[in-house]
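To start, the structure itself, in structure tokens.
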Amino acid sequence: MQVIRERKVYDVCIVGSGAGGGMAAKVLTEAGAEVALLEAGTMWDTEKDSKMFVSPYDSPRRGGATPEKPFGEFDGCIGGWDIDGEPYTNAPGTTFDWFRARMLGGRTNHWGRISLRFGPDDFHRRSIDGLGDDWPIRYEDLKPYYDKLDRLVGIFGSIENLPNEPDGIFLPPPKPRCYELLVKQACDRLAITCIPSRLSILTRPLNGRHACHYCGECGRGCKIHANFSSPSVLLPPALGTGRLRIITNAMAREVTTEENGLATGISYVNTQDKREYHVRARIVVLAASACESARLLLNSKSSRFPNGLANASGTVGRYLTDSTGLTVRGYIPKMANTVPHNEDGVGGMHLYMPWWLDNKKLDFPRGYHIELGGGRRSVPTFGFMGNIERYNGVGGYGKALKNDYRKFWGSAVSFSGRGEMVANDDCYCEIDPRVVDKYGIPVLRFHWRWSDYEIKQAKHMQDTFREIIHELGGTPLEPMPSGDQFYGLLNGGRIIHEVGTTRMGDDSKTSVVNKNCQAHDVKNLFIADGGPFVSNADKNVTWTILALAMRTSEYIAQERNRLSI
Amino acid sequence: MKTISRRRALELFTSVPAAVAIVFTSFESEAAQAQAQTARRQAAARGTPFQPKFFTRREYATVTVLADLIIPRDERSGSASDAGVPEFMDFMMIDEPARQTAMRGGLAFMDHLCETRFDKPFIECADAERRQVLDDLAYPGKAAPALAHGAAFFCSFRDLTASGFWTSKMGIEDLQYLGNKAIADWKGCPSEALQHLGVKYEGD
């Protein structure tokens with residue numbers, strides 16, 4: 001097939017327009033670089049395309065899921081765990097579910113805006129408990145970037161001075177919802193730390209963006225840009241420099257290299273005309289998501305790089321982790337027959353529980369945080385009050401049932417654990433030797449196994465969440481899952497926090513990139529997504545992806561000025 | 001998990017063949033629904049009833065009666081059919097073809113039960129006879145094992161009725177849901193709501 005080659009040589013070609021790619025585009029264009037940004041998905045304009053304020057009855061589906069919108073048709077993210085024509089495989093006996101977004105901004109269109117810094121301990125867990133590996137950088141190395149990020153993007157929270165939950169530069173947090181206060185009372189009695197959540201949603205205007213109007217539907221995409229997404233916050237200033245070219249519908253196939261082993265650009269398939277294109281660049285930044293960037297490297301084989309690019313160590317695709325996760329819901333009688341009021345608030349919880357215990361005193365090595373849901377948050381949509389028999393104990397029909405729906409709606413709370421998994425040798429991705437996607441690009445095959453560390457942690461989550469529900473005077477809506485069911489631990493990939501596949505390190509034999517996220521083997525190749533994480537944490541990963549991408553991009557800009565790359 | 005096992009149970013049970021699965025893309029189904037809505041408006045203007053796309057005429061009549069038995073009109077709002085639940089269900093059967101067999105089979109199960117008991121299908125039964133059947137199916141904890149398939153069907157039908165009713169304009173107003181709109185500032189919850197739970201804000 002004839003490859004359509006652009007003559008222009010960009011300073012930088014970035015693959016992926018999400019958190020990492022958006023940040024790289026902003027920093028690098030502002031530093032003077034001419035940047036081409038490739039996005040596999042479509043253009044999406046939140047001001048035009050968001051379903052903000054749409055009522056469920058405006059659609060015949062009432063907000064239900066569709067194949068391309070697994071979180072419901074009003075959700076702002078195009079993508080999912082299954083994408084037509086873009087398969088992945090699982091090694092026999094293992095299950096990993098891989099979520100991908102296919103739109104401008106990538107998965108920054110899908111997340112709870114929970115924006116937690118990793119803490120000092122999270123960068124050197126091996127030194128603490130002997131498991132996994134230490135990062136080649138410390139919290140102090142990243143702190144200035146977290147600070148800049150807070151000022152740039154905006155985040156609300158409260159100063160708490162907790163040892164491993166660093167405070168940021170916070171906007172005021174929204175007052176808790178009434179049932180959140182009830183949960184906090186119970187947590188206080190159980191000595192579980194419960195504090196204002198830390199979400200990248202503006203409670204005050206910032207940098208020309210409006211403050212939140214509290215419709216509670218961040219997940220649909222915010223037409224006034226009051227929450228963070230890459231297209232709302234990072235891409236506009238990059239476009240404003242006049243030095244950014246966004247190429248959508250561009251499915252990257254390969255990082256191209258020249259004789260001396262340096263990257264020369266990216267070849268990609270235009271998903272619309274199905275033709276092959278090539279973008280030339282002096283520097284390549286991969287920010288396609290941890291697994292997608294690993295796939296791209298593994299597919300970039302040449303005689304010089306027979307195992308894939310930047311993979312002399314053989315660690316591309318290894319050390320894959322996701323957050324552990326499970327949810328327990330409870331019916332709280334006190335919350336029945338609530339006083340009608342607008343409980344929407346911001347598009348997420350107003351309180352949460354950071355990890356509060358000492359793992360040295362527990363039978364599992366790493367912690368989790370708890371995300372809080374429930375009440376009458378958000379408009380009723382498809383699936384409303386399913387299995388009413390779990391609330392009223394009987395089911396039924398007629399006027400009594402109709403009254404039960406009114407009585408019980410808003411009477412449930414949910415607790416979702418999001419915990420740290422320890423990287424293990426059985427969790428990784430590689431190229432499937434036989435399967436290709438519809439563009440002819442070889443796909444990933446995943447291997448996955450939870451260890452006892454995660455399974456025991458899941459049991460602790462279950463016991464704790466049920467204890468809180470009992471403390472609230474309630475009853476869990478689901479029975480306790482058995483050990484055979486890993487205590488309800490969701491499949492790997494379900495929490496969409498996968499990292500580690502191109503991990504950083506000082507030793508080029510055991511890591512893919514150095515502490516500046518620069519490939520050991522290819523000095524003009526950088527990675528700006530979750531791939532370089534050495535370990536996950538009991539925190540959501542996006543804030544650290546952003547901070548790391550900012551640090552990496554500033555390093556690139558600085559080295560470029562010195563002409564060292 | 002629960003619904004899948006129910007669906008499987010119903011699939012095993014039912015001898016009614018599944019309708020031809022028509023899979024719409026979301027765009028096509030929106031267009032189809034827009035057409036259906038227009039058709040319904042025109043039909044209403046002419047005094048002819050909504051023409052279902054999935055349900056047969058008898059099934060549709062059964063669905064309407066059943067949905068209204070589950071959510072009847074009361075002093076606060078109208079019934080399931082007043083809120084358009086049968087039309088919603090017809091759309092969902094086309095939109096999610098995986099539901100079709102369980103729906104068709106479940107309705108057939110109910111008709112078979114009524115034929116056995118009263119020598120006529122559900123739709124021809126008297127109100128007291130219908131309620132006798134529902135009393136046996138609507139309480140899953142008490143349903144006789146021989147009626148387990150019917151009880152499972154009824155639970156999922158009740159869920160779908162609830163989805164259709166409470167997401168309608170009528171249902172949302174009935175629930176007194178007050179959000180999904182812009183407000184100038186979030187001031188927390190009102191004092192009556194706080195008192196109901198016995199909580200208060202720090203400093204209040």
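In the structure tokens, each chain is lettered A, B, ... as it comes, each chain's residues begin at 1, and ligands are numbered from 1 in order of appearance.
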Exercise for the section: Name the residues in contact with B:Ser163 at a cut-off of 9 Å, using only C-alpha atoms, excluding same-chain residues fewer than 3 positions from it; report them as a VMD selection string. Expected result: (chain A and resid 62 380 to 386) or (chain B and resid 85 158 to 160 166 to 168)
Exercise for the section: Please provide the set of residues having any atom within 6 Å of stretch 132-146 of chain B, restricted to only C-alpha atoms, with same-chain residues fewer than 4 positions apart removed, written as an NGL selection string. Expected result: (:A and (394-396)) or (:B and (151))
Give me, as a PDB file with N, CA and C atoms, in the first residue's frame, the residues of stretch 43-106 of chain B that a backbone DSSP run labels alpha helix (DSSP H).
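Contents of selection_38.pdb, freshly written:
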ATOM      1  N   ALA B  43     -51.672   8.998  14.696  1.00  0.00           N
ATOM      2  CA  ALA B  43     -52.693   7.997  15.003  1.00  0.00           C
ATOM      3  C   ALA B  43     -53.658   8.539  16.055  1.00  0.00           C
ATOM      4  N   ALA B  44     -53.069   9.216  17.064  1.00  0.00           N
ATOM      5  CA  ALA B  44     -53.907   9.781  18.119  1.00  0.00           C
ATOM      6  C   ALA B  44     -54.867  10.810  17.523  1.00  0.00           C
ATOM      7  N   ALA B  45     -54.345  11.596  16.577  1.00  0.00           N
ATOM      8  CA  ALA B  45     -55.182  12.609  15.938  1.00  0.00           C
ATOM      9  C   ALA B  45     -56.318  11.949  15.152  1.00  0.00           C
ATOM     10  N   ARG B  46     -56.007  10.804  14.557  1.00  0.00           N
ATOM     11  CA  ARG B  46     -57.019  10.096  13.772  1.00  0.00           C
ATOM     12  C   ARG B  46     -57.880   9.179  14.650  1.00  0.00           C
ATOM     13  N   ARG B  57     -50.456  -7.537  18.529  1.00  0.00           N
ATOM     14  CA  ARG B  57     -51.538  -6.724  19.092  1.00  0.00           C
ATOM     15  C   ARG B  57     -51.972  -7.273  20.451  1.00  0.00           C
ATOM     16  N   ARG B  58     -52.063  -8.611  20.545  1.00  0.00           N
ATOM     17  CA  ARG B  58     -52.503  -9.193  21.814  1.00  0.00           C
ATOM     18  C   ARG B  58     -51.440  -9.019  22.906  1.00  0.00           C
ATOM     19  N   GLU B  59     -50.195  -9.213  22.509  1.00  0.00           N
ATOM     20  CA  GLU B  59     -49.116  -8.999  23.488  1.00  0.00           C
ATOM     21  C   GLU B  59     -49.148  -7.562  24.004  1.00  0.00           C
ATOM     22  N   TYR B  60     -49.348  -6.646  23.073  1.00  0.00           N
ATOM     23  CA  TYR B  60     -49.310  -5.239  23.455  1.00  0.00           C
ATOM     24  C   TYR B  60     -50.452  -4.899  24.422  1.00  0.00           C
ATOM     25  N   ALA B  61     -51.595  -5.486  24.177  1.00  0.00           N
ATOM     26  CA  ALA B  61     -52.723  -5.272  25.094  1.00  0.00           C
ATOM     27  C   ALA B  61     -52.393  -5.857  26.462  1.00  0.00           C
ATOM     28  N   THR B  62     -51.771  -7.025  26.473  1.00  0.00           N
ATOM     29  CA  THR B  62     -51.376  -7.661  27.735  1.00  0.00           C
ATOM     30  C   THR B  62     -50.364  -6.796  28.478  1.00  0.00           C
ATOM     31  N   VAL B  63     -49.356  -6.307  27.724  1.00  0.00           N
ATOM     32  CA  VAL B  63     -48.328  -5.456  28.310  1.00  0.00           C
ATOM     33  C   VAL B  63     -48.954  -4.217  28.947  1.00  0.00           C
ATOM     34  N   THR B  64     -49.908  -3.641  28.265  1.00  0.00           N
ATOM     35  CA  THR B  64     -50.548  -2.420  28.774  1.00  0.00           C
ATOM     36  C   THR B  64     -51.296  -2.695  30.079  1.00  0.00           C
ATOM     37  N   VAL B  65     -52.057  -3.771  30.092  1.00  0.00           N
ATOM     38  CA  VAL B  65     -52.803  -4.124  31.312  1.00  0.00           C
ATOM     39  C   VAL B  65     -51.844  -4.429  32.462  1.00  0.00           C
ATOM     40  N   LEU B  66     -50.821  -5.215  32.145  1.00  0.00           N
ATOM     41  CA  LEU B  66     -49.864  -5.629  33.175  1.00  0.00           C
ATOM     42  C   LEU B  66     -49.122  -4.421  33.756  1.00  0.00           C
ATOM     43  N   ALA B  67     -48.669  -3.543  32.882  1.00  0.00           N
ATOM     44  CA  ALA B  67     -47.934  -2.357  33.344  1.00  0.00           C
ATOM     45  C   ALA B  67     -48.817  -1.485  34.229  1.00  0.00           C
ATOM     46  N   ASP B  68     -50.093  -1.373  33.877  1.00  0.00           N
ATOM     47  CA  ASP B  68     -51.000  -0.547  34.690  1.00  0.00           C
ATOM     48  C   ASP B  68     -51.379  -1.218  35.999  1.00  0.00           C
ATOM     49  N   LEU B  69     -51.333  -2.540  36.033  1.00  0.00           N
ATOM     50  CA  LEU B  69     -51.524  -3.219  37.322  1.00  0.00           C
ATOM     51  C   LEU B  69     -50.329  -2.960  38.236  1.00  0.00           C
ATOM     52  N   ILE B  70     -49.145  -2.874  37.642  1.00  0.00           N
ATOM     53  CA  ILE B  70     -47.923  -2.645  38.433  1.00  0.00           C
ATOM     54  C   ILE B  70     -47.872  -1.193  38.915  1.00  0.00           C
ATOM     55  N   VAL B  85     -45.478   3.932  29.025  1.00  0.00           N
ATOM     56  CA  VAL B  85     -44.606   2.783  29.295  1.00  0.00           C
ATOM     57  C   VAL B  85     -44.722   1.678  28.233  1.00  0.00           C
ATOM     58  N   PRO B  86     -45.931   1.324  27.756  1.00  0.00           N
ATOM     59  CA  PRO B  86     -45.974   0.264  26.732  1.00  0.00           C
ATOM     60  C   PRO B  86     -45.189   0.632  25.461  1.00  0.00           C
ATOM     61  N   GLU B  87     -45.287   1.881  25.022  1.00  0.00           N
ATOM     62  CA  GLU B  87     -44.517   2.318  23.846  1.00  0.00           C
ATOM     63  C   GLU B  87     -43.019   2.232  24.124  1.00  0.00           C
ATOM     64  N   PHE B  88     -42.641   2.650  25.349  1.00  0.00           N
ATOM     65  CA  PHE B  88     -41.233   2.563  25.762  1.00  0.00           C
ATOM     66  C   PHE B  88     -40.753   1.109  25.700  1.00  0.00           C
ATOM     67  N   MET B  89     -41.560   0.192  26.196  1.00  0.00           N
ATOM     68  CA  MET B  89     -41.157  -1.228  26.187  1.00  0.00           C
ATOM     69  C   MET B  89     -41.010  -1.738  24.765  1.00  0.00           C
ATOM     70  N   ASP B  90     -41.913  -1.340  23.896  1.00  0.00           N
ATOM     71  CA  ASP B  90     -41.827  -1.774  22.503  1.00  0.00           C
ATOM     72  C   ASP B  90     -40.518  -1.292  21.888  1.00  0.00           C
ATOM     73  N   PHE B  91     -40.150  -0.055  22.200  1.00  0.00           N
ATOM     74  CA  PHE B  91     -38.875   0.473  21.700  1.00  0.00           C
ATOM     75  C   PHE B  91     -37.703  -0.336  22.257  1.00  0.00           C
ATOM     76  N   MET B  92     -37.724  -0.606  23.561  1.00  0.00           N
ATOM     77  CA  MET B  92     -36.587  -1.298  24.181  1.00  0.00           C
ATOM     78  C   MET B  92     -36.396  -2.710  23.617  1.00  0.00           C
ATOM     79  N   MET B  93     -37.482  -3.351  23.238  1.00  0.00           N
ATOM     80  CA  MET B  93     -37.358  -4.701  22.666  1.00  0.00           C
ATOM     81  C   MET B  93     -36.616  -4.662  21.330  1.00  0.00           C
ATOM     82  N   ILE B  94     -36.811  -3.582  20.595  1.00  0.00           N
ATOM     83  CA  ILE B  94     -36.096  -3.430  19.323  1.00  0.00           C
ATOM     84  C   ILE B  94     -34.663  -2.970  19.586  1.00  0.00           C
ATOM     85  N   ASP B  95     -34.522  -2.084  20.583  1.00  0.00           N
ATOM     86  CA  ASP B  95     -33.204  -1.516  20.868  1.00  0.00           C
ATOM     87  C   ASP B  95     -32.267  -2.556  21.483  1.00  0.00           C
ATOM     88  N   GLN B 100     -35.729  -9.884  23.859  1.00  0.00           N
ATOM     89  CA  GLN B 100     -36.969 -10.267  23.179  1.00  0.00           C
ATOM     90  C   GLN B 100     -37.519 -11.622  23.602  1.00  0.00           C
ATOM     91  N   THR B 101     -36.642 -12.608  23.657  1.00  0.00           N
ATOM     92  CA  THR B 101     -37.131 -13.960  23.950  1.00  0.00           C
ATOM     93  C   THR B 101     -37.738 -14.035  25.347  1.00  0.00           C
ATOM     94  N   ALA B 102     -37.032 -13.432  26.318  1.00  0.00           N
ATOM     95  CA  ALA B 102     -37.529 -13.480  27.686  1.00  0.00           C
ATOM     96  C   ALA B 102     -38.872 -12.765  27.797  1.00  0.00           C
ATOM     97  N   MET B 103     -39.033 -11.664  27.087  1.00  0.00           N
ATOM     98  CA  MET B 103     -40.294 -10.927  27.128  1.00  0.00           C
ATOM     99  C   MET B 103     -41.419 -11.745  26.504  1.00  0.00           C
ATOM    100  N   ARG B 104     -41.154 -12.198  25.299  1.00  0.00           N
ATOM    101  CA  ARG B 104     -42.209 -12.949  24.587  1.00  0.00           C
ATOM    102  C   ARG B 104     -42.543 -14.222  25.357  1.00  0.00           C
ATOM    103  N   GLY B 105     -41.521 -14.892  25.808  1.00  0.00           N
ATOM    104  CA  GLY B 105     -41.724 -16.140  26.548  1.00  0.00           C
ATOM    105  C   GLY B 105     -42.429 -15.908  27.872  1.00  0.00           C
ATOM    106  N   GLY B 106     -42.094 -14.813  28.540  1.00  0.00           N
ATOM    107  CA  GLY B 106     -42.721 -14.511  29.828  1.00  0.00           C
ATOM    108  C   GLY B 106     -44.206 -14.234  29.673  1.00  0.00           C
TER     109      GLY B 106
END
Handout entry: Which of B:Lys53, B:Lys181, B:Arg131, B:Lys200 sits closest to A:Arg177 [using only C-alpha atoms]
Key = B:Lys200
Taking only C-alpha atoms into account, produce a table as a Markdown table in which each residue of chain A with an atom at most 8 Å from an atom of chain B appears once, together with its shortest atom pair and the distance in Å to one decimal, ordered by chain and rising number.
| residue | atom | partner | partner_atom | distance |
| --- | --- | --- | --- | --- |
| A:Phe53 | CA | B:Asn180 | CA | 5.7 |
| A:Ser55 | CA | B:Asn180 | CA | 7.8 |
| A:Pro56 | CA | B:Thr167 | CA | 5.8 |
| A:Tyr57 | CA | B:Ser168 | CA | 5.2 |
| A:Ser59 | CA | B:Glu30 | CA | 7.9 |
| A:Pro60 | CA | B:Phe88 | CA | 6.5 |
| A:Arg61 | CA | B:Met92 | CA | 6.9 |
| A:Arg62 | CA | B:Thr167 | CA | 6.5 |
| A:Thr66 | CA | B:Ser26 | CA | 7.1 |
| A:Pro174 | CA | B:Trp186 | CA | 6.8 |
| A:Lys175 | CA | B:Gly188 | CA | 5.2 |
| A:Pro176 | CA | B:Gly188 | CA | 6.3 |
| A:Arg177 | CA | B:Cys189 | CA | 5.9 |
| A:Cys178 | CA | B:Leu194 | CA | 5.6 |
| A:Tyr179 | CA | B:Leu197 | CA | 7.3 |
| A:Leu181 | CA | B:Val199 | CA | 6.4 |
| A:Leu182 | CA | B:Val199 | CA | 6.3 |
| A:His213 | CA | B:Ala182 | CA | 4.9 |
| A:Tyr214 | CA | B:Ala182 | CA | 6.1 |
| A:Cys215 | CA | B:Asn180 | CA | 4.9 |
| A:Gly216 | CA | B:Asn180 | CA | 6.9 |
| A:Glu217 | CA | B:Asn180 | CA | 7.6 |
| A:Lys334 | CA | B:Leu197 | CA | 6.3 |
| A:Met335 | CA | B:Leu197 | CA | 6.7 |
| A:Thr338 | CA | B:Ala193 | CA | 6.8 |
| A:Val339 | CA | B:Ala193 | CA | 5.2 |
| A:Pro340 | CA | B:Gln176 | CA | 6.1 |
| A:His341 | CA | B:Leu178 | CA | 6.1 |
| A:Asn342 | CA | B:Leu178 | CA | 4.9 |
| A:Glu343 | CA | B:Cys189 | CA | 7.0 |
| A:Asp344 | CA | B:Gly179 | CA | 6.0 |
| A:Gly345 | CA | B:Trp186 | CA | 6.5 |
| A:Arg376 | CA | B:Tyr177 | CA | 7.9 |
| A:Ser378 | CA | B:Asn180 | CA | 6.8 |
| A:Val379 | CA | B:Asn180 | CA | 6.3 |
| A:Pro380 | CA | B:Thr167 | CA | 5.6 |
| A:Thr381 | CA | B:Thr167 | CA | 5.6 |
| A:Phe382 | CA | B:Ser163 | CA | 5.1 |
| A:Gly383 | CA | B:Ser163 | CA | 5.4 |
| A:Phe384 | CA | B:Ser163 | CA | 5.2 |
| A:Met385 | CA | B:Ala162 | CA | 7.4 |
| A:Gly386 | CA | B:Asp159 | CA | 5.2 |
| A:Asn387 | CA | B:Asp159 | CA | 6.5 |
| A:Ile388 | CA | B:Asp159 | CA | 7.6 |
| A:Glu389 | CA | B:Pro140 | CA | 7.9 |
| A:Val394 | CA | B:Tyr139 | CA | 5.3 |
| A:Gly395 | CA | B:Tyr139 | CA | 5.1 |
| A:Gly396 | CA | B:Ala138 | CA | 4.8 |
| A:Tyr397 | CA | B:Ile70 | CA | 4.4 |
| A:Gly398 | CA | B:Ile70 | CA | 4.7 |
| A:Lys399 | CA | B:Pro72 | CA | 6.3 |
| A:Leu401 | CA | B:Ile70 | CA | 7.3 |
| A:Lys402 | CA | B:Ile71 | CA | 5.8 |
| A:Arg406 | CA | B:Leu175 | CA | 6.1 |
Could you save the residues just selected, with C-alpha atoms, as an mmCIF file, in the first residue's frame?
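As written to disk, selection03.cif reads:
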data_model
loop_
_atom_site.group_PDB
_atom_site.id
_atom_site.type_symbol
_atom_site.label_atom_id
_atom_site.label_comp_id
_atom_site.auth_asym_id
_atom_site.auth_seq_id
_atom_site.Cartn_x
_atom_site.Cartn_y
_atom_site.Cartn_z
ATOM 1 C CA PHE A 53 -29.356 19.109 30.910
ATOM 2 C CA SER A 55 -33.880 14.833 30.369
ATOM 3 C CA PRO A 56 -34.264 11.060 30.239
ATOM 4 C CA TYR A 57 -37.622 11.384 28.472
ATOM 5 C CA SER A 59 -34.677 9.969 24.493
ATOM 6 C CA PRO A 60 -36.682 6.810 23.835
ATOM 7 C CA ARG A 61 -33.896 4.866 25.542
ATOM 8 C CA ARG A 62 -34.192 6.946 28.714
ATOM 9 C CA THR A 66 -25.646 1.535 23.867
ATOM 10 C CA PRO A 174 -18.723 22.049 48.275
ATOM 11 C CA LYS A 175 -20.699 21.413 51.450
ATOM 12 C CA PRO A 176 -21.504 17.732 51.961
ATOM 13 C CA ARG A 177 -24.894 16.370 50.974
ATOM 14 C CA CYS A 178 -27.067 15.474 53.955
ATOM 15 C CA TYR A 179 -26.597 11.714 53.632
ATOM 16 C CA LEU A 181 -22.945 13.891 56.750
ATOM 17 C CA LEU A 182 -24.738 10.802 58.025
ATOM 18 C CA HIS A 213 -23.371 25.186 38.187
ATOM 19 C CA TYR A 214 -23.984 21.951 40.133
ATOM 20 C CA CYS A 215 -26.048 19.956 37.668
ATOM 21 C CA GLY A 216 -24.243 16.868 38.875
ATOM 22 C CA GLU A 217 -23.617 15.455 35.396
ATOM 23 C CA LYS A 334 -33.286 6.600 57.931
ATOM 24 C CA MET A 335 -32.845 7.858 54.379
ATOM 25 C CA THR A 338 -36.472 11.915 52.283
ATOM 26 C CA VAL A 339 -37.453 15.549 52.106
ATOM 27 C CA PRO A 340 -37.430 16.409 48.379
ATOM 28 C CA HIS A 341 -34.546 18.726 47.531
ATOM 29 C CA ASN A 342 -31.934 19.143 44.818
ATOM 30 C CA GLU A 343 -29.125 16.851 45.896
ATOM 31 C CA ASP A 344 -27.141 16.875 42.626
ATOM 32 C CA GLY A 345 -24.131 18.956 43.716
ATOM 33 C CA ARG A 376 -31.022 11.227 45.175
ATOM 34 C CA SER A 378 -28.705 12.655 39.512
ATOM 35 C CA VAL A 379 -31.810 12.315 37.414
ATOM 36 C CA PRO A 380 -33.584 8.920 37.202
ATOM 37 C CA THR A 381 -32.563 7.044 34.072
ATOM 38 C CA PHE A 382 -32.968 3.565 32.646
ATOM 39 C CA GLY A 383 -32.517 0.963 35.384
ATOM 40 C CA PHE A 384 -34.183 3.156 38.013
ATOM 41 C CA MET A 385 -34.695 1.293 41.322
ATOM 42 C CA GLY A 386 -34.174 -2.121 39.750
ATOM 43 C CA ASN A 387 -34.957 -5.077 41.976
ATOM 44 C CA ILE A 388 -37.317 -3.124 44.208
ATOM 45 C CA GLU A 389 -37.805 -6.346 46.208
ATOM 46 C CA VAL A 394 -41.330 -8.342 48.991
ATOM 47 C CA GLY A 395 -41.724 -6.889 45.492
ATOM 48 C CA GLY A 396 -45.444 -6.548 44.802
ATOM 49 C CA TYR A 397 -47.525 -4.429 42.477
ATOM 50 C CA GLY A 398 -50.172 -1.734 42.487
ATOM 51 C CA LYS A 399 -50.566 1.376 44.599
ATOM 52 C CA LEU A 401 -45.615 -0.692 45.106
ATOM 53 C CA LYS A 402 -45.912 2.758 43.543
ATOM 54 C CA ARG A 406 -41.376 7.022 46.173
#
Practice task
Excluding A:Ala19 and any residue of its chain fewer than 3 positions from it, enumerate the residues within 6 Å of it, using only C-alpha atoms, and give them as a list in words.
Solution key: Gly22, Ser230 and Leu546 of chain A
Exercise for the section: Excluding A:Thr502 and any residue of its chain fewer than 2 positions from it, enumerate the residues within 12 Å of it, using only C-alpha atoms, and give them as an NGL selection string. Expected result: :A and (286-298 or 309-321 or 428-429 or 498-500 or 504-505 or 508 or 510-515 or 517-520 or 526-535)
I'd like the contact shell of A:Ile159 - 12 Å cut-off, only C-alpha atoms, skipping same-chain residues fewer than 4 positions apart - returned as a tab-separated table (two decimals) with N, CA and C atoms, in the first residue's frame.
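Output file selection25.tsv follows:
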chain	number	residue	atom	x	y	z
A	163	PRO	N	-0.56	12.10	56.51
A	163	PRO	CA	0.83	11.77	56.16
A	163	PRO	C	1.05	11.36	54.70
A	165	GLU	N	-1.35	11.63	52.15
A	165	GLU	CA	-2.39	12.20	51.27
A	165	GLU	C	-2.06	13.68	51.10
A	166	PRO	N	-1.03	14.01	50.33
A	166	PRO	CA	-0.57	15.40	50.32
A	166	PRO	C	-1.69	16.38	49.95
A	167	ASP	N	-1.73	17.47	50.67
A	167	ASP	CA	-2.68	18.53	50.35
A	167	ASP	C	-2.22	19.23	49.08
A	168	GLY	N	-3.16	19.86	48.40
A	168	GLY	CA	-2.81	20.62	47.21
A	168	GLY	C	-3.15	22.08	47.39
A	169	ILE	N	-3.24	22.77	46.27
A	169	ILE	CA	-3.65	24.17	46.28
A	169	ILE	C	-5.12	24.17	45.90
A	170	PHE	N	-5.95	24.23	46.93
A	170	PHE	CA	-7.36	23.88	46.75
A	170	PHE	C	-8.29	25.08	46.62
A	171	LEU	N	-9.31	24.94	45.77
A	171	LEU	CA	-10.49	25.79	45.81
A	171	LEU	C	-11.37	25.25	46.94
A	172	PRO	N	-12.32	26.05	47.42
A	172	PRO	CA	-13.16	25.57	48.53
A	172	PRO	C	-13.98	24.34	48.11
A	173	PRO	N	-14.10	23.36	48.99
A	173	PRO	CA	-14.92	22.19	48.65
A	173	PRO	C	-16.40	22.50	48.82
A	195	ILE	N	-13.22	12.80	54.71
A	195	ILE	CA	-12.87	14.20	54.48
A	195	ILE	C	-13.46	14.69	53.16
A	196	PRO	N	-13.47	16.00	52.91
A	196	PRO	CA	-13.94	16.48	51.61
A	196	PRO	C	-13.18	15.85	50.46
A	197	SER	N	-13.89	15.51	49.41
A	197	SER	CA	-13.24	14.89	48.27
A	197	SER	C	-12.37	15.93	47.55
A	198	ARG	N	-11.57	15.45	46.63
A	198	ARG	CA	-10.64	16.31	45.89
A	198	ARG	C	-10.89	16.07	44.42
Completion exercise
The residue from A:Gly63, A:Gly493, A:Gly18, A:Pro365 with the smallest atom-to-atom distance to A:Trp98, counting only C-alpha atoms, is A:Gly493
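The residue that comes closest to A:Ala537, out of A:Leu104, A:Ile78, A:Ala423, A:Ile283 and on the basis of only C-alpha atoms, is A:Ala423.
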Problem - Contacts of A:Asp188 within 12 Å, only C-alpha atoms, excl. fewer than 5 positions in-chain, as number ranges by chain - result: A: 181-183, 193-195, 353, 356, 468, 471-472
Exercise for the section: Could you give me the residues within stretch 34-248 of chain A that DSSP places in strand (DSSP E or B), as a PyMOL selection string? Expected result: chain A and resi 35-38+42+66+69+79-80+89-90+96+100-101+103+114+156+162+165+171+195-196+199+201+206+209+227+244-247
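Of note, atom CA of A:Val27 and atom CA of A:Leu244 are spaced 11.0 Å apart.
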Practice task
Enter the distance from atom CA of A:Ser482 to atom CA of A:Tyr352, in Å, rounded to one decimal.
Solution key: 26.5 Å
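As for atom CA of B:Phe157 and atom CA of B:Ala83, they are spaced 15.9 Å apart.
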